[in-house]
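A.B. asks: Got a structure for you, questions after.
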Amino acid sequence: MIYEDLGIPTLINACGTVTRLSGGRMAPEVAEAMRQASLACVDIARMQAAACRVIREATGAAAGIVTSGASAGVLLGAAACLAGLDPARMNALPAVADGRCEFIVVRSQRNMYDRALAVAGAGIVEVGIPDRYSGPGVRDAACWEIEAAIGPRTAGVYYLAGAQSRPALRDVAAVAHAHGLPVLVDAAAQLPPACNLQRFLKDGADLVCFSGGKAIGGPQASGILAGRADLVASALVQMLDMDVYDDMWAPPAEFAALAQLRGLPHHGIGRSCKVGKEEIAGLCVALRRFAAEDPAARRARWQAVLAEIVRAAGLDGLRIESGPVPLLALDCGSEAAAVALARRLAAGEPSIACAPGRREQGVLVFNPLALNEDEARIIGARLKELVA
Ligand SMILES: *Cc1c(COP(=O)(O)O)cnc(C)c1O
């Protein structure tokens with residue numbers, strides 16, 4: 001076992017597919033695809049073209065590529081919006097020579113992943129006062145505020161998809177499109193439901209990115225960027241190794257927009273987001289499996305894991321909450337008790353990581369995404385021992 005070899009203890013991850021805890025598990029079919037991909041070499045642009053066909057099928061997008069994660073998808077998507085199909089603009093990033101260098105972002109959607117916009121070279125213009133969150137008011141940003149912020153420096157609108165996100169994406173896209181501007185959507189963790197693979201694009205997103213290593217079950221360092229063919233092609237060419245001669249390079253048909261380039265750019269701003277053939281192969285297989293799985297069967301699988309924790313623990317105060325992913329909540333009575341229990345779970349052998357995001361309400365959460373039933377039994381037994 002490689003982890004013994006490296007001298008690293010494994011842990012039980014009931015926190016969800018967080019990057020800090022190495023994401024989740026890959027199905028054997030996904031790991032096998034990566035293994036097979038590692039055994040021969042291919043043209044990486046053709047590999048992305050094959051992924052494009054798989055992503056098109058799953059998302060309904062005109063085009064798609066595999067990225068090294070959703071964060072990379074935001075960076076590459078922003079680079080595409082900033083540079084379009086102009087190799088001079090690509091070469092200049094993160095500097096933008098003329099005006100179009102800013103993304104409009106609704107203030108309540110600001111988050112630490114949006115710095116990927118800045119990495120590509122974009123500035124952020126915030127709009128709206130989210131006083132329904134701060135308490136004294138009832139509003140969030142309105143579409144007219146987004147429209148009022150559009151000017152000659154605007155390159156696009158960034159949108160964080162989520163249950164709380166306002167205004168509705170459809171309305172934001174209508175305003176942006178009326179001004180010829182693209183909308184870039186971060187939907188990293190908005191799966192399941194699987195219909196979200198298509199929903200944001202149907203609602204008007206020009207580009208949408210997802211994490212491959214969350215519920216899709218792909219390689220931890222993978223993601224998807226899908227949407228308009230010209231923008232996806234621009235994103236791709238800004239990620240690829242471009243140490244090539246013009247007369248020896250031709251883009252695959254899936255990225256035909258690249259034939260419009262007046263010359264080839266050098267390594268782009270996205271070169272540090274490279275993905276290997278193994279990640280591309282793994283993501284393709286995982287995405288097909290995720291899109292094909294019956295949502296009720298998927299939910300039943302997760303419910304069974306949580307039910308196993310409940311059964312093995314036999315405690316009051318444990319309840320299964322429904323949502324896109326069902327969660328198990330344990331009411332510990334106070335924040336101090338929740339923190340103490342989380343620490344003891346983490347300090348045990350094997351270490352158990354739960355989700356502490358609701359500790360202020362005295363609640364610990366157990367997420368089934370990265371768990372199997374054997375681990376569920378261990379968690380249940382440990383809870384029984386520690387709480388009793
Ligand atoms: C998880 C997450 C990301 C980062 O995704 P990676 O695939 O790890 O790069 C970005 N944005 C949001 C909203 C996320 O939840």
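Chain identifiers are assigned as A, B, and so on, following the order in which chains appear in the structure tokens; residues are numbered from 1 within each chain, and ligands are numbered from 1 in order of appearance.
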List every residue of chain A that has an atom at most 7 Å from any atom of ligand 1, and for each one report the closest atom pair and its distance in Å to one decimal, counting only C-alpha atoms and all ligand atoms, with rows sorted by chain and then by increasing residue number, as a tab-separated table.

C.D. replies:
```
residue	atom	partner	partner_atom_place_in_ligand_line	distance
A:Thr19	CA	ligand 1	8 (O)	5.9
A:Ser68	CA	ligand 1	9 (O)	6.9
A:Gly69	CA	ligand 1	7 (O)	3.4
A:Ala70	CA	ligand 1	7 (O)	3.8
A:Ser71	CA	ligand 1	9 (O)	3.7
A:Ala72	CA	ligand 1	9 (O)	5.9
A:Tyr113	CA	ligand 1	11 (N)	5.3
A:Leu160	CA	ligand 1	13 (C)	6.6
A:Asp186	CA	ligand 1	11 (N)	5.9
A:Ala187	CA	ligand 1	13 (C)	6.2
A:Ala188	CA	ligand 1	14 (C)	4.6
A:Ala189	CA	ligand 1	15 (O)	4.7
A:Phe210	CA	ligand 1	7 (O)	6.7
A:Ser211	CA	ligand 1	7 (O)	3.8
A:Gly212	CA	ligand 1	7 (O)	6.1
A:Gly213	CA	ligand 1	7 (O)	6.2
A:Ala221	CA	ligand 1	7 (O)	6.7
A:Ser222	CA	ligand 1	7 (O)	6.3
A:Gly223	CA	ligand 1	7 (O)	5.6
```

A.B. asks: Set out as JSON lines a contact list for segment 270-345 of chain A and segment 39-61 of chain A with a cut-off of 10 Å, giving each residue of segment 270-345 of chain A that qualifies its closest atom pair and distance in Å to one decimal, counting only C-alpha atoms, ordered by chain and rising residue number.

C.D. replies:
```
{"residue": "A:Val275", "atom": "CA", "partner": "A:Ile44", "partner_atom": "CA", "distance": 9.1}
{"residue": "A:Gly276", "atom": "CA", "partner": "A:Ile44", "partner_atom": "CA", "distance": 7.8}
{"residue": "A:Lys277", "atom": "CA", "partner": "A:Ile44", "partner_atom": "CA", "distance": 6.7}
{"residue": "A:Glu278", "atom": "CA", "partner": "A:Leu39", "partner_atom": "CA", "distance": 9.5}
{"residue": "A:Ile280", "atom": "CA", "partner": "A:Ala51", "partner_atom": "CA", "distance": 6.8}
{"residue": "A:Ala281", "atom": "CA", "partner": "A:Ala51", "partner_atom": "CA", "distance": 7.8}
{"residue": "A:Leu283", "atom": "CA", "partner": "A:Ala51", "partner_atom": "CA", "distance": 8.3}
{"residue": "A:Cys284", "atom": "CA", "partner": "A:Ala51", "partner_atom": "CA", "distance": 6.1}
{"residue": "A:Val285", "atom": "CA", "partner": "A:Val54", "partner_atom": "CA", "distance": 8.8}
{"residue": "A:Leu287", "atom": "CA", "partner": "A:Ala58", "partner_atom": "CA", "distance": 7.5}
{"residue": "A:Arg288", "atom": "CA", "partner": "A:Ala58", "partner_atom": "CA", "distance": 7.2}
{"residue": "A:Phe290", "atom": "CA", "partner": "A:Ala58", "partner_atom": "CA", "distance": 9.3}
{"residue": "A:Ala291", "atom": "CA", "partner": "A:Ala58", "partner_atom": "CA", "distance": 6.5}
{"residue": "A:Ala292", "atom": "CA", "partner": "A:Ala58", "partner_atom": "CA", "distance": 9.1}
```

A.B. asks: I need the residues from that last selection saved to file as a compact mmCIF listing (two decimals), in the first residue's frame (with all heavy atoms), if you can.

C.D. replies:
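Once written, selection06.txt looks like this:
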```txt
# COMPACT_ATOMS: atom_id res chain seq x y z
N VAL A 275 -3.24 19.81 -17.42
CA VAL A 275 -3.75 18.49 -17.05
C VAL A 275 -3.06 17.45 -17.91
O VAL A 275 -2.75 17.69 -19.08
CB VAL A 275 -5.28 18.36 -17.26
CG1 VAL A 275 -6.04 18.95 -16.11
CG2 VAL A 275 -5.72 18.95 -18.57
N GLY A 276 -2.84 16.28 -17.34
CA GLY A 276 -2.22 15.19 -18.05
C GLY A 276 -3.25 14.29 -18.71
O GLY A 276 -4.45 14.39 -18.44
N LYS A 277 -2.76 13.42 -19.55
CA LYS A 277 -3.65 12.47 -20.22
C LYS A 277 -4.39 11.59 -19.21
O LYS A 277 -5.54 11.20 -19.43
CB LYS A 277 -2.86 11.59 -21.19
CG LYS A 277 -1.68 10.85 -20.57
CD LYS A 277 -0.82 10.22 -21.66
CE LYS A 277 0.38 9.43 -21.13
NZ LYS A 277 1.34 10.20 -20.31
N GLU A 278 -3.75 11.32 -18.08
CA GLU A 278 -4.38 10.46 -17.06
C GLU A 278 -5.61 11.16 -16.46
O GLU A 278 -6.66 10.53 -16.29
CB GLU A 278 -3.37 10.12 -15.96
CG GLU A 278 -2.16 9.32 -16.43
CD GLU A 278 -1.04 10.18 -17.04
OE1 GLU A 278 -1.16 11.43 -17.02
OE2 GLU A 278 -0.04 9.61 -17.52
N ILE A 280 -7.38 13.54 -17.85
CA ILE A 280 -8.41 13.67 -18.89
C ILE A 280 -9.17 12.36 -19.05
O ILE A 280 -10.41 12.33 -19.08
CB ILE A 280 -7.79 14.12 -20.24
CG1 ILE A 280 -7.08 15.47 -20.07
CG2 ILE A 280 -8.87 14.22 -21.32
CD1 ILE A 280 -6.33 15.95 -21.31
N ALA A 281 -8.43 11.25 -19.09
CA ALA A 281 -9.07 9.94 -19.24
C ALA A 281 -9.98 9.65 -18.03
O ALA A 281 -11.12 9.21 -18.19
CB ALA A 281 -8.00 8.85 -19.37
N LEU A 283 -11.36 11.76 -15.90
CA LEU A 283 -12.53 12.65 -15.86
C LEU A 283 -13.59 12.18 -16.87
O LEU A 283 -14.79 12.17 -16.55
CB LEU A 283 -12.09 14.09 -16.15
CG LEU A 283 -13.07 15.24 -15.95
CD1 LEU A 283 -14.01 15.40 -17.14
CD2 LEU A 283 -13.88 15.15 -14.67
N CYS A 284 -13.17 11.80 -18.05
CA CYS A 284 -14.13 11.37 -19.07
C CYS A 284 -14.95 10.17 -18.57
O CYS A 284 -16.19 10.15 -18.70
CB CYS A 284 -13.42 10.98 -20.37
SG CYS A 284 -12.82 12.40 -21.29
N VAL A 285 -14.27 9.21 -17.99
CA VAL A 285 -14.97 8.02 -17.50
C VAL A 285 -15.87 8.38 -16.31
O VAL A 285 -17.04 7.96 -16.23
CB VAL A 285 -13.96 6.91 -17.12
CG1 VAL A 285 -14.66 5.75 -16.43
CG2 VAL A 285 -13.24 6.43 -18.38
N LEU A 287 -17.23 11.29 -15.59
CA LEU A 287 -18.35 12.12 -16.01
C LEU A 287 -19.44 11.28 -16.66
O LEU A 287 -20.63 11.46 -16.38
CB LEU A 287 -17.86 13.21 -16.98
CG LEU A 287 -18.92 14.14 -17.53
CD1 LEU A 287 -19.66 14.88 -16.41
CD2 LEU A 287 -18.31 15.16 -18.50
N ARG A 288 -19.02 10.34 -17.50
CA ARG A 288 -20.02 9.46 -18.12
C ARG A 288 -20.77 8.66 -17.06
O ARG A 288 -21.98 8.49 -17.14
CB ARG A 288 -19.33 8.49 -19.07
CG ARG A 288 -19.06 9.06 -20.44
CD ARG A 288 -18.62 7.92 -21.35
NE ARG A 288 -18.45 8.37 -22.72
CZ ARG A 288 -17.46 7.99 -23.50
NH1 ARG A 288 -16.53 7.16 -23.03
NH2 ARG A 288 -17.39 8.42 -24.73
N PHE A 290 -21.16 9.44 -13.86
CA PHE A 290 -22.00 10.33 -13.04
C PHE A 290 -23.29 10.68 -13.79
O PHE A 290 -24.38 10.65 -13.21
CB PHE A 290 -21.22 11.61 -12.70
CG PHE A 290 -22.03 12.61 -11.93
CD1 PHE A 290 -22.21 12.46 -10.56
CD2 PHE A 290 -22.62 13.70 -12.56
CE1 PHE A 290 -22.97 13.38 -9.83
CE2 PHE A 290 -23.38 14.61 -11.84
CZ PHE A 290 -23.56 14.45 -10.47
N ALA A 291 -23.17 11.02 -15.08
CA ALA A 291 -24.35 11.41 -15.85
C ALA A 291 -25.31 10.24 -16.04
O ALA A 291 -26.51 10.42 -16.15
CB ALA A 291 -23.92 11.99 -17.21
N ALA A 292 -24.75 9.02 -16.07
CA ALA A 292 -25.58 7.84 -16.35
C ALA A 292 -26.25 7.28 -15.10
O ALA A 292 -27.26 6.59 -15.19
CB ALA A 292 -24.74 6.75 -17.02
```

A.B. asks: Residues within 6 Å of Asn367 of chain A, please, as a VMD selection string. Count only C-alpha atoms; anything in the same chain fewer than 6 positions from it doesn't count.

C.D. replies: chain A and resid 14 to 16 327

A.B. asks: Any chance you can output those residues with C-alpha atoms as a PDB file, in the first residue's frame?

C.D. replies:
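Everything below was put into result18.pdb:
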```
ATOM      1  CA  ALA A  14     -16.658  12.498   6.599  1.00  0.00           C
ATOM      2  CA  CYS A  15     -16.079  16.156   5.715  1.00  0.00           C
ATOM      3  CA  GLY A  16     -16.953  15.859   2.017  1.00  0.00           C
ATOM      4  CA  LEU A 327     -26.085  14.818   5.468  1.00  0.00           C
TER       5      LEU A 327
END
```

A.B. asks: With only C-alpha atoms as the counted atoms, please give the residues lying no more than 9 Å from Gly317 of chain A, apart from itself and same-chain residues fewer than 4 positions off, as an mmCIF file with all heavy atoms, in the first residue's frame.

C.D. replies:
```
data_model
loop_
_atom_site.group_PDB
_atom_site.id
_atom_site.type_symbol
_atom_site.label_atom_id
_atom_site.label_comp_id
_atom_site.auth_asym_id
_atom_site.auth_seq_id
_atom_site.Cartn_x
_atom_site.Cartn_y
_atom_site.Cartn_z
ATOM 1 N N ALA A 329 -26.470 15.041 10.757
ATOM 2 C CA ALA A 329 -26.140 16.093 11.716
ATOM 3 C C ALA A 329 -26.215 15.527 13.132
ATOM 4 O O ALA A 329 -27.145 14.795 13.465
ATOM 5 C CB ALA A 329 -27.108 17.260 11.562
ATOM 6 N N LEU A 330 -25.208 15.869 13.929
ATOM 7 C CA LEU A 330 -25.189 15.448 15.339
ATOM 8 C C LEU A 330 -25.230 16.695 16.205
ATOM 9 O O LEU A 330 -24.325 17.533 16.148
ATOM 10 C CB LEU A 330 -23.914 14.646 15.639
ATOM 11 C CG LEU A 330 -23.688 14.281 17.119
ATOM 12 C CD1 LEU A 330 -24.826 13.426 17.661
ATOM 13 C CD2 LEU A 330 -22.349 13.576 17.303
ATOM 14 N N ASP A 331 -26.301 16.816 16.989
ATOM 15 C CA ASP A 331 -26.427 17.961 17.885
ATOM 16 C C ASP A 331 -25.666 17.666 19.174
ATOM 17 O O ASP A 331 -26.038 16.770 19.922
ATOM 18 C CB ASP A 331 -27.912 18.231 18.170
ATOM 19 C CG ASP A 331 -28.091 19.577 18.856
ATOM 20 O OD1 ASP A 331 -27.104 20.120 19.378
ATOM 21 O OD2 ASP A 331 -29.234 20.089 18.854
ATOM 22 N N CYS A 332 -24.604 18.421 19.401
ATOM 23 C CA CYS A 332 -23.751 18.191 20.580
ATOM 24 C C CYS A 332 -24.145 19.090 21.745
ATOM 25 O O CYS A 332 -23.546 19.005 22.820
ATOM 26 C CB CYS A 332 -22.294 18.441 20.225
ATOM 27 S SG CYS A 332 -21.698 17.446 18.856
#
```

A.B. asks: Using only C-alpha atoms, which of A:Val339, A:Ala215, A:Leu240, A:Ile65 sits nearest Glu293 of chain A?

C.D. replies: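 Closest candidate: A:Ala215.
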